[in-house]
Structure formats: C-alpha cells, structure tokens
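Beneath this line is the structure, given in structure tokens, with notes to follow.
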Amino acid sequence: MKVSMFHLMPHRELPADFERRYHSVWVDPPFWELADPERVGQYYNWTLDELIYAAKAGLDGICVNEHHQNAYGFMPSPNLMGAVLARATNGMDVAIVQMGSTLPTTIPPIRVAEEYAMLDCISGGRLVAGMPLGTSMDANLCYGIPPMEQRERYYEAHDLILKAWTAREIFAWNGKYFQLPMVNIWPRPIQQPHPPVWVPGVGSLSTWEFSAKHNHCYCFLSYWGNKLGKEVMDGYWEFVHREGHDPNPYRAGFLQLVAVSETDARAEQEYYPHIRYFYDKCLHIAPEFFSAPGHQDYRSLVKSLKSGATRAILEVTAKLPEWRFKDFVENQLVIAGSPASVRDQLTEAIQKLRVGNLMVLLHIGSMPHELTLKNIDLFAHEVLPHVRDIWDDQWQNHWWPQRLRAKRALAGAAG
Amino acid sequence: MVATQERTLTAWQDQVRSRVQIAGSGPPLVFFHGAFGLRWDPFLDALAERFTVYAPEHPGTTPGEPDAVRPLENLWDLVLYYYELFDQLGLRAPAVVGHSFGGMVAAEVAATAPERVSRLVLIAPIGLWRDDVPVKNWMTMLPTDLAKVAFAEPDGPLAQQMLAPPADPEAAVDAQIQMTWALACTGKFVWPIPDKGLKKRLHRISAPTLLIWGRQDGLVSPMYAQEFAARIPNARVELIDGAAHLPHLEQMATVARLIRDFLAG
C-alpha cells in the first residue's frame, strides 16, 4: 500500500453566506471581493508546511494539482509547489506526486516533460508524473481550449511527452496540434525509461480505456464516497482485463477525504464544520460550467447521462443540505472518527475498491493549520501503520518511483 | 407540414457522412441551421412553398454519425466540405440562408467562393465580435437564462416548446444528448470566442445580402447587423419587432415574406 497526502490549497475563509451570494466557486468568483493576496500567501505557505509535515510524519507521498480561477483549490502551477516540496523533502523517502500539470493546456506540452524532468532531478528520482486531462472549467472556460479538442490534445501531448523523455535521438514532431522541429529536452528524468504515470479521472469511460491501454495507473478522484467509487473502479478493471493486464491493485488510485480525532464524538465536533464548508462552498460549482458541450466525447456523454452513476451523484448532492455529520460518515463521503473507526473503514474501502495507491485529503475546506497538523499526526501514527501492508504480500507497485518501493519506516514524532 | 425527404451523403474522401433534409419545389435554397441542431420547422415549410429547400445537418449531428465532425479539423475544412456537398447535390449557385451559427457558415461559404452563392440571407449570424457588446456564450447557459436572451417572450409558447424537455424521462435524456452533441459539434469551430476572422473576408461576398435581426436579440446584439452590413458590399438590414434571436420563428410570417420577396427580386 502507498498512501499519499493530497492537498487542494483551497480558500480557507470564504464568507458564511458564500454559496448564497455568489454564482460559482469556479471560473467567476470575484477575487478582490473574496480574497486578499497577503492572506493567500499565508494559505500557500500553510499548504506547503502541511505537506512537508506529512512527509516527515511518514506518509509515502505528497500530492498537489492544477486548477484555475477558483476558490476550491488554486494552484495554477502545481510544479511551482512541487519544486518547493522536492527541495524540502530531499533525503526523505517520500514521493512527489504531481497530479499534476494539465496536458491540454500546457503549451507546448514538452513544457510538462521539461518541468517534470526537473522535478525528478531535483528530488533524486522521486517523481510520480500525473497526467490530467483537466476539468471543463479549467481547460475550456478559463484556458479557452475548444471542448471537443481537449481529449485529442491530451492524447497528442501524452505521446509527445513520453517520446520526449525516452527518445535517444532528436526528433521532429509533426502533430495535429503541435509542430516542433527539433525535440531534445534538457534535462531528462532520473527514472528510466520514465517516471511512473498516473492518470486522474472522474469516471469517463475513455479515460479508463486510455489508462489501461497505456498501462498507467488510473486514479479516481471523487468526493462522492466509495459506493459510487466501486461502480467506477469496476468499470476500469474491465478495461484492464480486456487489455490483458493482471489485476494488480497498484494500477489503481483513489482519493478519499479522511478526518481522524481521539474519538468519534470529537471528530464530529472538530471536523464537521470543515466538511460542511467543503461540500457547501468549495463544491459550489455552477452546473452550466461543469461540462461544456464536447468536453466529454460522444460515448462518454451517452454513458454518463444514461448510467446510474450520474443519477447517484445527483441524488447524493440533492440530499447534502439535510445531511449531518453521521450521514457523511455512513455514506463514506468522508471517512472520519476515532483511529479505530477510520482504520476499519479505510481497510474495507481499500479492499473493496482494489486500490493500491491511496490519496487522502487530510486538509478539508476551512480546516485551520493546527487542526490539519493534528489530523496528519493521528493519521500517520494511528491509522497508516494498519493499512500499510495491504497488497504487499502479493503485488509489486510498478507505478511508484523505483527507489521508494520498499516499505517506508515509520517515523517518530513529526515536526 | 410539407413532406421532406432525406439524403445521406458521403463527402471529404468518404470520411464525413451526413444527412440533408430536402423539401419543396422551385429554385434551390440551402439552409444552414444554428448551434442547437436542425429541426424541421414551420419556417422551413414556408420557404419550401417557393423553393427546393436543402437543409444539411452539421457534420456530427446526424444520428448514428457522432464522429463525422472529426475529419473536419477547422473552419477552412468545413467551408470546403460544403462546396463538396453542393456539388453532390448538383447545386452550382443556390440561394443560401443561415441562422446564428449557420449564418456564420453561410457567410464564410459566400465569402470564400463568392460564385457559389447567388443570394444570401443571414438571420442573426455570429462571426463578429465587439468588446462593448460581447456575444453571449450560449454553450454555457442554463435553459432559463438562454430563454431570457434568445426569445422576445421568454415564457411564451415558442420558448416553452423549444426548451422544455420531453415528458418521457428516456426521451428527455436522448434529447439532452442530441442537443449537447449539436452544441459540441458546432462549438468546435467557434469556441471560445466566435470571431474566427470573418471580418477580414466579408468584403469578398458578391451575392446580394439580406440581414435579418430581432430587435430584442440579447444573445447577439442587433448592433452587429450594422457591422455585417458595413463590410458586405451589397447588403440590406431588416430589424424585426417582437423578436429576439429567432426572428424567423418568433415572427415567422413577416420574416418568411421578407425572405421570399428578397430572393424573388
């Protein structure tokens, strides 16, 4: 099992009536009404400190991602964050998991190949290369990519990046979207033939097929619990099987919100407001921004509109305003409670979903810095040791930096 | 309603299969539909009384052919594809009518090879851009917001009929898929801002041109009518009262008469 802390870097102090007063958390929230650059600097530093703290506490990896024009999570350049993290964690057996640079909006895409290679060099070969397609909000609305081109651009960027990393000879790239006369990137990654590739997704059939075909790790990023997660992961495993691959659980990643306290009651007291804030405010996305027409290809569009998964999400979201802490926990949107409760539920989810690469969101919404450190501490010391050995008797994690594949020694007190 | 026949044609080196709906009799008239896809409506019936109306479905919007839009990589490909379609239909220089997105396509077709279009009617075309009156992004609007800008009577029967989903849940999902995909296939050529250089090409149009605009168009302001008229050598503007972005349906009798008179003249 490999467990990484994921951080979104959200706005932590949105007004109480944010979701009633503002149209959307993404694309059009007015910065100058809602935020202050000095304070934002504090958020970035807290975020970096929390991830470094998690690395010291014994988490296997630390993850950042890319999003634009929003208060949900605003690291427009994940590699700036990744550079700080790589430098600060040198000497630790922790992976730098970039989930990551959005391929269709990084132009030309060899920029991703170059920056990831830099991170791999700086970190001493500890990079996991996430290759996201990008949300519709980011790629279409904020960055102007025609929705129907987004996936084609993604495929081309992916092929170009892998070739740029692995080709021994200089080559010309005559693509549909990019033409480069002499590709010869400097530097090249330490990890050979290239760093492990993770493909984050939200349940698109085309992304399952792509990940399986290329033998990458597919990561389902969802906030809707592992019941829905099960349906999505089963769909992915079907494609893995179809491609003739083994059912190695390390082919799969999953994101889970986790909140640990001394007791179940204390967990509710400490974390419920932040869970509420996350679902009410951070996910307050205008529905018309969610998927610009063409963002999903035709097959995925038909499947998502006709499948039970979309209905299931809509049913859950419709109920959210009425939910109490126990509803979030019972439906496992958040795995929260005492160390024992979290341990049991997390073990069950890992096994049910068959995931080897777990990402845990240990900072949730408005969670203050000190509480985040507490969550990290309790998770690292009271939960992580109990899930660490799952799968390792049977399977090798080929989707993890080679030099970090051994089990990480449990850290002493973090700090 | 007149009887329509359908022809499915294959063009662009056999890569693009698309359907053309045909009805009526008289001189040929090509109608390019808007971003939401082709729906045979009473306006086309009215044109079919005097003309043979050819209404091609934008590539990708023909049922069963969702990927037909892929081989057409950009606007230039799309325009050239339409000349191939004209050739297959035996149309040398038809009258061309286009609405909204289809208006832009019609203008591009008339500007690129002016001899292929005898007369041109543009109904609330997109294709130009002014920072002071930006064209609204119809691809990211909720139906209720769209109704407010596209219809002079947002709560009227026409808006209801065009925007309300079918009552049967399965039919509603199918309708949503069809609409989303039509927006995707047309949006491919204009996202994120529907200005792809038409302003540099409009001067090439030689066909006498009629511009029709609803006075209350909140999606593409009627101020654009003058922008088009100023650039097209032989153009006339008709602003329609009691109409917004769909004047040909909102004031059908008036608009159909204007078009028939113009094309007869």
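Quick note on naming: the chains in the structure tokens go A, B, ... in the order shown, residues restart at 1 in each chain, and ligands are numbered from 1 in order of appearance.
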Considering only C-alpha atoms, return as a CSV table (one decimal) with N, CA, C and O atoms, in the first residue's frame whatever protein or nucleic-acid residues lie within 7 Å of region 31-45 of chain B, sequence-local ones (same chain, fewer than 6 positions apart) excluded.
chain,number,residue,atom,x,y,z
B,1,MET,N,-47.6,20.6,-42.7
B,1,MET,CA,-46.2,20.4,-42.9
B,1,MET,C,-45.9,19.7,-44.2
B,1,MET,O,-46.6,18.7,-44.6
B,2,VAL,N,-44.9,20.2,-45.0
B,2,VAL,CA,-44.6,19.5,-46.3
B,2,VAL,C,-43.9,18.2,-46.0
B,2,VAL,O,-43.2,18.0,-45.0
B,53,VAL,N,-35.9,23.3,-50.7
B,53,VAL,CA,-35.0,23.6,-49.6
B,53,VAL,C,-34.1,22.4,-49.3
B,53,VAL,O,-34.6,21.3,-49.1
B,54,TYR,N,-32.8,22.7,-49.2
B,54,TYR,CA,-31.9,21.7,-48.8
B,54,TYR,C,-31.3,22.1,-47.5
B,54,TYR,O,-30.7,23.1,-47.3
B,55,ALA,N,-31.6,21.3,-46.4
B,55,ALA,CA,-31.1,21.6,-45.1
B,55,ALA,C,-30.1,20.6,-44.6
B,55,ALA,O,-30.5,19.5,-44.1
B,56,PRO,N,-28.8,20.9,-44.8
B,56,PRO,CA,-27.8,19.9,-44.3
B,56,PRO,C,-27.7,19.9,-42.8
B,56,PRO,O,-27.8,20.9,-42.2
B,57,GLU,N,-27.5,18.7,-42.3
B,57,GLU,CA,-27.2,18.6,-40.8
B,57,GLU,C,-25.7,18.8,-40.7
B,57,GLU,O,-24.9,18.1,-41.3
B,61,THR,N,-23.9,15.8,-36.3
B,61,THR,CA,-25.3,15.9,-35.7
B,61,THR,C,-26.3,14.9,-36.3
B,61,THR,O,-27.4,14.8,-35.8
B,96,VAL,N,-28.6,31.0,-50.3
B,96,VAL,CA,-28.2,30.4,-49.0
B,96,VAL,C,-28.8,31.2,-47.9
B,96,VAL,O,-28.7,32.5,-47.9
B,97,VAL,N,-29.4,30.5,-46.9
B,97,VAL,CA,-30.0,31.2,-45.8
B,97,VAL,C,-29.3,30.5,-44.5
B,97,VAL,O,-29.2,29.3,-44.5
B,98,GLY,N,-28.9,31.3,-43.6
B,98,GLY,CA,-28.3,30.7,-42.4
B,98,GLY,C,-28.7,31.4,-41.2
B,98,GLY,O,-28.9,32.6,-41.2
B,99,HIS,N,-28.9,30.6,-40.1
B,99,HIS,CA,-29.3,31.2,-38.8
B,99,HIS,C,-28.2,31.0,-37.8
B,99,HIS,O,-27.7,29.9,-37.6
B,100,SER,N,-27.8,32.1,-37.1
B,100,SER,CA,-26.9,32.1,-36.0
B,100,SER,C,-25.6,31.5,-36.3
B,100,SER,O,-24.9,32.0,-37.2
B,101,PHE,N,-25.2,30.3,-35.8
B,101,PHE,CA,-24.0,29.6,-36.2
B,101,PHE,C,-24.1,29.3,-37.7
B,101,PHE,O,-23.1,29.5,-38.4
B,102,GLY,N,-25.2,28.9,-38.2
B,102,GLY,CA,-25.4,28.6,-39.6
B,102,GLY,C,-25.3,29.9,-40.4
B,102,GLY,O,-24.9,29.8,-41.6
B,103,GLY,N,-25.5,31.0,-39.8
B,103,GLY,CA,-25.4,32.3,-40.5
B,103,GLY,C,-23.9,32.6,-40.8
B,103,GLY,O,-23.5,33.1,-41.8
B,106,ALA,N,-22.8,30.3,-43.5
B,106,ALA,CA,-23.3,30.8,-44.8
B,106,ALA,C,-22.4,31.9,-45.3
B,106,ALA,O,-22.1,32.0,-46.5
B,179,MET,N,-28.9,17.5,-28.1
B,179,MET,CA,-28.6,18.9,-28.0
B,179,MET,C,-27.2,19.2,-27.6
B,179,MET,O,-26.5,20.0,-28.2
B,182,ALA,N,-24.9,18.5,-30.5
B,182,ALA,CA,-25.0,19.5,-31.6
B,182,ALA,C,-24.2,20.7,-31.1
B,182,ALA,O,-23.5,21.3,-32.0
B,183,LEU,N,-24.3,21.1,-29.9
B,183,LEU,CA,-23.5,22.3,-29.4
B,183,LEU,C,-22.0,22.0,-29.5
B,183,LEU,O,-21.2,22.9,-29.8
B,186,THR,N,-20.8,22.0,-33.3
B,186,THR,CA,-20.8,23.4,-33.8
B,186,THR,C,-19.8,24.2,-33.1
B,186,THR,O,-19.0,25.0,-33.7
B,248,HIS,N,-37.1,34.3,-37.3
B,248,HIS,CA,-37.7,33.5,-38.3
B,248,HIS,C,-38.8,32.6,-37.7
B,248,HIS,O,-39.7,32.1,-38.4
B,249,LEU,N,-38.7,32.4,-36.4
B,249,LEU,CA,-39.8,31.6,-35.7
B,249,LEU,C,-40.7,32.5,-34.9
B,249,LEU,O,-41.9,32.2,-34.8
B,252,MET,N,-42.7,34.6,-37.8
B,252,MET,CA,-42.4,33.8,-39.0
B,252,MET,C,-43.0,34.4,-40.3
B,252,MET,O,-42.3,34.4,-41.3
B,256,ALA,N,-40.6,35.3,-43.3
B,256,ALA,CA,-40.7,34.4,-44.5
B,256,ALA,C,-41.0,35.3,-45.7
B,256,ALA,O,-40.5,35.1,-46.8
Could you please select, counting only C-alpha atoms, the residues of chain A within 6 Å of chain B and state them as a compact mmCIF listing (two decimals) with N, CA and C atoms, in the first residue's frame?
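The resulting file, part21.txt, is reproduced below:
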# COMPACT_ATOMS: atom_id res chain seq x y z
N GLY A 144 -9.67 28.40 -22.56
CA GLY A 144 -10.13 28.61 -23.94
C GLY A 144 -9.93 27.46 -24.91
N PRO A 146 -11.06 24.55 -27.13
CA PRO A 146 -12.36 24.05 -27.59
C PRO A 146 -12.64 22.68 -26.97
N MET A 148 -14.22 20.07 -27.67
CA MET A 148 -14.07 18.86 -28.46
C MET A 148 -12.62 18.52 -28.78
N GLU A 288 -23.79 24.90 -15.17
CA GLU A 288 -23.55 25.14 -16.60
C GLU A 288 -22.05 25.23 -16.92
N PRO A 293 -20.23 21.53 -23.65
CA PRO A 293 -20.53 20.51 -24.67
C PRO A 293 -19.30 20.15 -25.50
N GLY A 294 -18.98 18.86 -25.52
CA GLY A 294 -17.80 18.40 -26.24
C GLY A 294 -16.66 18.01 -25.31
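Residues in contact with Ser136 (chain A) at 7 Å, where only C-alpha atoms are counted and same-chain residues fewer than 2 positions away are skipped, are listed as Gly134, Asp138, Ala139, Asn140, Leu141, Phe290, Ser291, Ala292 and His295 of chain A.
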Query - Spatial neighbours of Leu228 (chain A), max dist 10 Å, only C-alpha atoms, sep filter under 2 positions, as number ranges by chain - result: A: 203, 222-226, 230-233, 308-310, 312-313, 331, 333
Using the selection just defined, write its residues with C-alpha atoms as a PDB file, in the first residue's frame.
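Written file, part_6.pdb:
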ATOM      1  CA  GLY A 203     -15.233   8.222 -14.247  1.00  0.00           C
ATOM      2  CA  SER A 222     -14.236  11.719  -6.360  1.00  0.00           C
ATOM      3  CA  TYR A 223     -15.884  13.238  -3.358  1.00  0.00           C
ATOM      4  CA  TRP A 224     -18.916  11.001  -3.545  1.00  0.00           C
ATOM      5  CA  GLY A 225     -17.839   8.064  -1.477  1.00  0.00           C
ATOM      6  CA  ASN A 226     -16.706   4.590  -2.272  1.00  0.00           C
ATOM      7  CA  LYS A 230     -16.958   0.916  -6.636  1.00  0.00           C
ATOM      8  CA  GLU A 231     -19.025   1.264  -9.802  1.00  0.00           C
ATOM      9  CA  VAL A 232     -16.356   3.404 -11.442  1.00  0.00           C
ATOM     10  CA  MET A 233     -13.447   1.185 -10.416  1.00  0.00           C
ATOM     11  CA  GLY A 308     -26.698   5.079 -12.728  1.00  0.00           C
ATOM     12  CA  ALA A 309     -23.516   6.830 -11.556  1.00  0.00           C
ATOM     13  CA  THR A 310     -24.615  10.290 -12.661  1.00  0.00           C
ATOM     14  CA  ALA A 312     -26.420   8.523  -7.933  1.00  0.00           C
ATOM     15  CA  ILE A 313     -24.279  11.674  -7.648  1.00  0.00           C
ATOM     16  CA  ASN A 331     -22.095   7.104   3.237  1.00  0.00           C
ATOM     17  CA  LEU A 333     -18.035  10.566   1.605  1.00  0.00           C
TER      18      LEU A 333
END
Query - Residue neighbourhood Phe151 (chain B), 8 Å, only C-alpha atoms, exclusion window fewer than 6 positions, as a list in words - result: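 The residues satisfying every condition are Ala159, Gln216, Asp217, Ala243, Ala244, His245, Leu246 and Glu250 of chain B.
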May I have the residues from that selection written out with N, CA and C atoms, as a PDB file, in the first residue's frame?
ATOM      1  N   ALA B 159     -40.858  29.545 -26.756  1.00  0.00           N
ATOM      2  CA  ALA B 159     -39.728  29.245 -25.877  1.00  0.00           C
ATOM      3  C   ALA B 159     -39.975  27.934 -25.136  1.00  0.00           C
ATOM      4  N   GLN B 216     -34.853  42.600 -30.199  1.00  0.00           N
ATOM      5  CA  GLN B 216     -34.608  42.283 -28.785  1.00  0.00           C
ATOM      6  C   GLN B 216     -33.594  41.155 -28.597  1.00  0.00           C
ATOM      7  N   ASP B 217     -32.808  40.911 -29.613  1.00  0.00           N
ATOM      8  CA  ASP B 217     -31.826  39.824 -29.505  1.00  0.00           C
ATOM      9  C   ASP B 217     -30.816  40.137 -28.399  1.00  0.00           C
ATOM     10  N   ALA B 243     -39.163  40.288 -31.721  1.00  0.00           N
ATOM     11  CA  ALA B 243     -38.340  39.105 -31.929  1.00  0.00           C
ATOM     12  C   ALA B 243     -36.973  39.311 -31.293  1.00  0.00           C
ATOM     13  N   ALA B 244     -36.373  38.214 -30.864  1.00  0.00           N
ATOM     14  CA  ALA B 244     -35.020  38.264 -30.299  1.00  0.00           C
ATOM     15  C   ALA B 244     -34.081  37.488 -31.228  1.00  0.00           C
ATOM     16  N   HIS B 245     -33.573  36.332 -30.760  1.00  0.00           N
ATOM     17  CA  HIS B 245     -32.560  35.632 -31.558  1.00  0.00           C
ATOM     18  C   HIS B 245     -33.148  34.666 -32.589  1.00  0.00           C
ATOM     19  N   LEU B 246     -34.471  34.433 -32.517  1.00  0.00           N
ATOM     20  CA  LEU B 246     -35.077  33.519 -33.506  1.00  0.00           C
ATOM     21  C   LEU B 246     -36.207  34.219 -34.266  1.00  0.00           C
ATOM     22  N   GLU B 250     -40.092  33.509 -34.318  1.00  0.00           N
ATOM     23  CA  GLU B 250     -40.892  34.392 -33.463  1.00  0.00           C
ATOM     24  C   GLU B 250     -41.846  35.249 -34.296  1.00  0.00           C
TER      25      GLU B 250
END
**Report entry** Non-local contacts of Glu33 (chain A) (12 Å; only C-alpha atoms; under 3 positions in same chain excluded) as an MDAnalysis selection string
**Finding:** chainID A and resid 14:15 18 21:22 28:30 36:37 71
Write a file of the just-selected residues containing C-alpha atoms, as a PDB file, in the first residue's frame.
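Now in part_33.pdb:
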ATOM      1  CA  LEU A  14     -14.933  32.182   2.477  1.00  0.00           C
ATOM      2  CA  PRO A  15     -17.864  34.140   3.943  1.00  0.00           C
ATOM      3  CA  PHE A  18     -20.776  32.434   0.086  1.00  0.00           C
ATOM      4  CA  ARG A  21     -24.292  35.244  -2.524  1.00  0.00           C
ATOM      5  CA  TYR A  22     -22.043  34.038  -5.318  1.00  0.00           C
ATOM      6  CA  ASP A  28     -16.218  33.675 -11.985  1.00  0.00           C
ATOM      7  CA  PRO A  29     -15.799  34.237  -8.207  1.00  0.00           C
ATOM      8  CA  PRO A  30     -14.545  37.822  -7.805  1.00  0.00           C
ATOM      9  CA  ASP A  36      -6.515  39.187  -0.163  1.00  0.00           C
ATOM     10  CA  PRO A  37      -3.108  38.438  -1.706  1.00  0.00           C
ATOM     11  CA  ALA A  71     -11.537  29.288  -4.506  1.00  0.00           C
TER      12      ALA A  71
END
Report task. Check the DSSP output for the backbone and give back, as an NGL selection string, the residues of region 68-113 of chain B in strand (DSSP E or B). Result -> :B and (95-99)
Would you write out those residues with N, CA, C and O atoms, as a PDB file, in the first residue's frame?
ATOM      1  N   ALA B  95     -29.408  29.911 -53.582  1.00  0.00           N
ATOM      2  CA  ALA B  95     -29.606  30.899 -52.521  1.00  0.00           C
ATOM      3  C   ALA B  95     -29.234  30.216 -51.214  1.00  0.00           C
ATOM      4  O   ALA B  95     -29.445  29.015 -51.059  1.00  0.00           O
ATOM      5  N   VAL B  96     -28.644  30.986 -50.307  1.00  0.00           N
ATOM      6  CA  VAL B  96     -28.219  30.397 -49.039  1.00  0.00           C
ATOM      7  C   VAL B  96     -28.791  31.219 -47.886  1.00  0.00           C
ATOM      8  O   VAL B  96     -28.686  32.452 -47.878  1.00  0.00           O
ATOM      9  N   VAL B  97     -29.413  30.526 -46.945  1.00  0.00           N
ATOM     10  CA  VAL B  97     -29.972  31.152 -45.750  1.00  0.00           C
ATOM     11  C   VAL B  97     -29.323  30.481 -44.547  1.00  0.00           C
ATOM     12  O   VAL B  97     -29.237  29.254 -44.495  1.00  0.00           O
ATOM     13  N   GLY B  98     -28.864  31.279 -43.597  1.00  0.00           N
ATOM     14  CA  GLY B  98     -28.265  30.675 -42.405  1.00  0.00           C
ATOM     15  C   GLY B  98     -28.700  31.401 -41.155  1.00  0.00           C
ATOM     16  O   GLY B  98     -28.866  32.626 -41.171  1.00  0.00           O
ATOM     17  N   HIS B  99     -28.878  30.626 -40.078  1.00  0.00           N
ATOM     18  CA  HIS B  99     -29.291  31.225 -38.815  1.00  0.00           C
ATOM     19  C   HIS B  99     -28.201  31.050 -37.763  1.00  0.00           C
ATOM     20  O   HIS B  99     -27.705  29.941 -37.563  1.00  0.00           O
TER      21      HIS B  99
END
Query raised in the report: Can you list, as a PyMOL selection string, every protein, DNA or RNA residue that comes within 8 Å of Arg92 (chain B) when you count only C-alpha atoms, leaving out same-chain residues fewer than 2 positions away?
Result: chain B and resi 86-87+90+94+116-117
I'd like to know which residues of region 196-233 of chain B are helix (DSSP H, G or I) (by DSSP, run on the backbone); could you write them as an mmCIF file with N, CA, C and O atoms, in the first residue's frame?
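Contents of selection.cif, freshly written:
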data_model
loop_
_atom_site.group_PDB
_atom_site.id
_atom_site.type_symbol
_atom_site.label_atom_id
_atom_site.label_comp_id
_atom_site.auth_asym_id
_atom_site.auth_seq_id
_atom_site.Cartn_x
_atom_site.Cartn_y
_atom_site.Cartn_z
ATOM 1 N N LEU B 198 -13.806 36.282 -39.806
ATOM 2 C CA LEU B 198 -14.796 36.581 -40.846
ATOM 3 C C LEU B 198 -14.739 38.054 -41.264
ATOM 4 O O LEU B 198 -14.963 38.382 -42.429
ATOM 5 N N LYS B 199 -14.428 38.931 -40.315
ATOM 6 C CA LYS B 199 -14.395 40.367 -40.630
ATOM 7 C C LYS B 199 -13.414 40.689 -41.754
ATOM 8 O O LYS B 199 -13.588 41.657 -42.484
ATOM 9 N N LYS B 200 -12.382 39.868 -41.912
ATOM 10 C CA LYS B 200 -11.396 40.098 -42.973
ATOM 11 C C LYS B 200 -11.863 39.557 -44.318
ATOM 12 O O LYS B 200 -11.227 39.791 -45.327
ATOM 13 N N LEU B 202 -15.507 39.231 -45.230
ATOM 14 C CA LEU B 202 -16.865 39.608 -45.652
ATOM 15 C C LEU B 202 -16.868 40.447 -46.925
ATOM 16 O O LEU B 202 -17.807 40.375 -47.728
ATOM 17 N N HIS B 203 -15.812 41.251 -47.155
ATOM 18 C CA HIS B 203 -15.791 42.133 -48.330
ATOM 19 C C HIS B 203 -15.799 41.347 -49.634
ATOM 20 O O HIS B 203 -16.086 41.887 -50.692
ATOM 21 N N ARG B 204 -15.471 40.056 -49.564
ATOM 22 C CA ARG B 204 -15.408 39.238 -50.776
ATOM 23 C C ARG B 204 -16.791 38.799 -51.266
ATOM 24 O O ARG B 204 -16.935 38.338 -52.390
ATOM 25 N N MET B 223 -26.827 45.313 -32.774
ATOM 26 C CA MET B 223 -25.765 46.231 -33.208
ATOM 27 C C MET B 223 -24.838 45.558 -34.209
ATOM 28 O O MET B 223 -24.170 46.217 -35.007
ATOM 29 N N TYR B 224 -24.794 44.224 -34.191
ATOM 30 C CA TYR B 224 -23.942 43.509 -35.139
ATOM 31 C C TYR B 224 -24.485 43.585 -36.565
ATOM 32 O O TYR B 224 -23.744 43.352 -37.523
ATOM 33 N N ALA B 225 -25.764 43.883 -36.715
ATOM 34 C CA ALA B 225 -26.326 43.963 -38.065
ATOM 35 C C ALA B 225 -25.550 44.997 -38.885
ATOM 36 O O ALA B 225 -25.185 44.753 -40.041
ATOM 37 N N GLN B 226 -25.279 46.155 -38.265
ATOM 38 C CA GLN B 226 -24.543 47.199 -38.986
ATOM 39 C C GLN B 226 -23.095 46.791 -39.240
ATOM 40 O O GLN B 226 -22.501 47.173 -40.248
ATOM 41 N N GLU B 227 -22.533 46.044 -38.314
ATOM 42 C CA GLU B 227 -21.150 45.569 -38.504
ATOM 43 C C GLU B 227 -21.052 44.695 -39.756
ATOM 44 O O GLU B 227 -20.101 44.799 -40.535
ATOM 45 N N PHE B 228 -22.049 43.826 -39.936
ATOM 46 C CA PHE B 228 -22.073 42.985 -41.136
ATOM 47 C C PHE B 228 -22.338 43.837 -42.374
ATOM 48 O O PHE B 228 -21.643 43.729 -43.384
ATOM 49 N N ALA B 229 -23.373 44.692 -42.273
ATOM 50 C CA ALA B 229 -23.787 45.478 -43.442
ATOM 51 C C ALA B 229 -22.663 46.384 -43.932
ATOM 52 O O ALA B 229 -22.503 46.611 -45.134
ATOM 53 N N ALA B 230 -21.870 46.883 -42.982
ATOM 54 C CA ALA B 230 -20.796 47.799 -43.365
ATOM 55 C C ALA B 230 -19.687 47.096 -44.147
ATOM 56 O O ALA B 230 -18.932 47.736 -44.873
ATOM 57 N N ARG B 231 -19.592 45.787 -43.976
ATOM 58 C CA ARG B 231 -18.484 45.061 -44.605
ATOM 59 C C ARG B 231 -18.899 44.303 -45.867
ATOM 60 O O ARG B 231 -18.052 43.930 -46.681
#
Query raised in the report: Taking into account only C-alpha atoms, which residue in the set B:Gln13, B:Thr254, B:Thr209, B:Ser221 is nearest to Leu72 (chain B)?
Result: B:Gln13
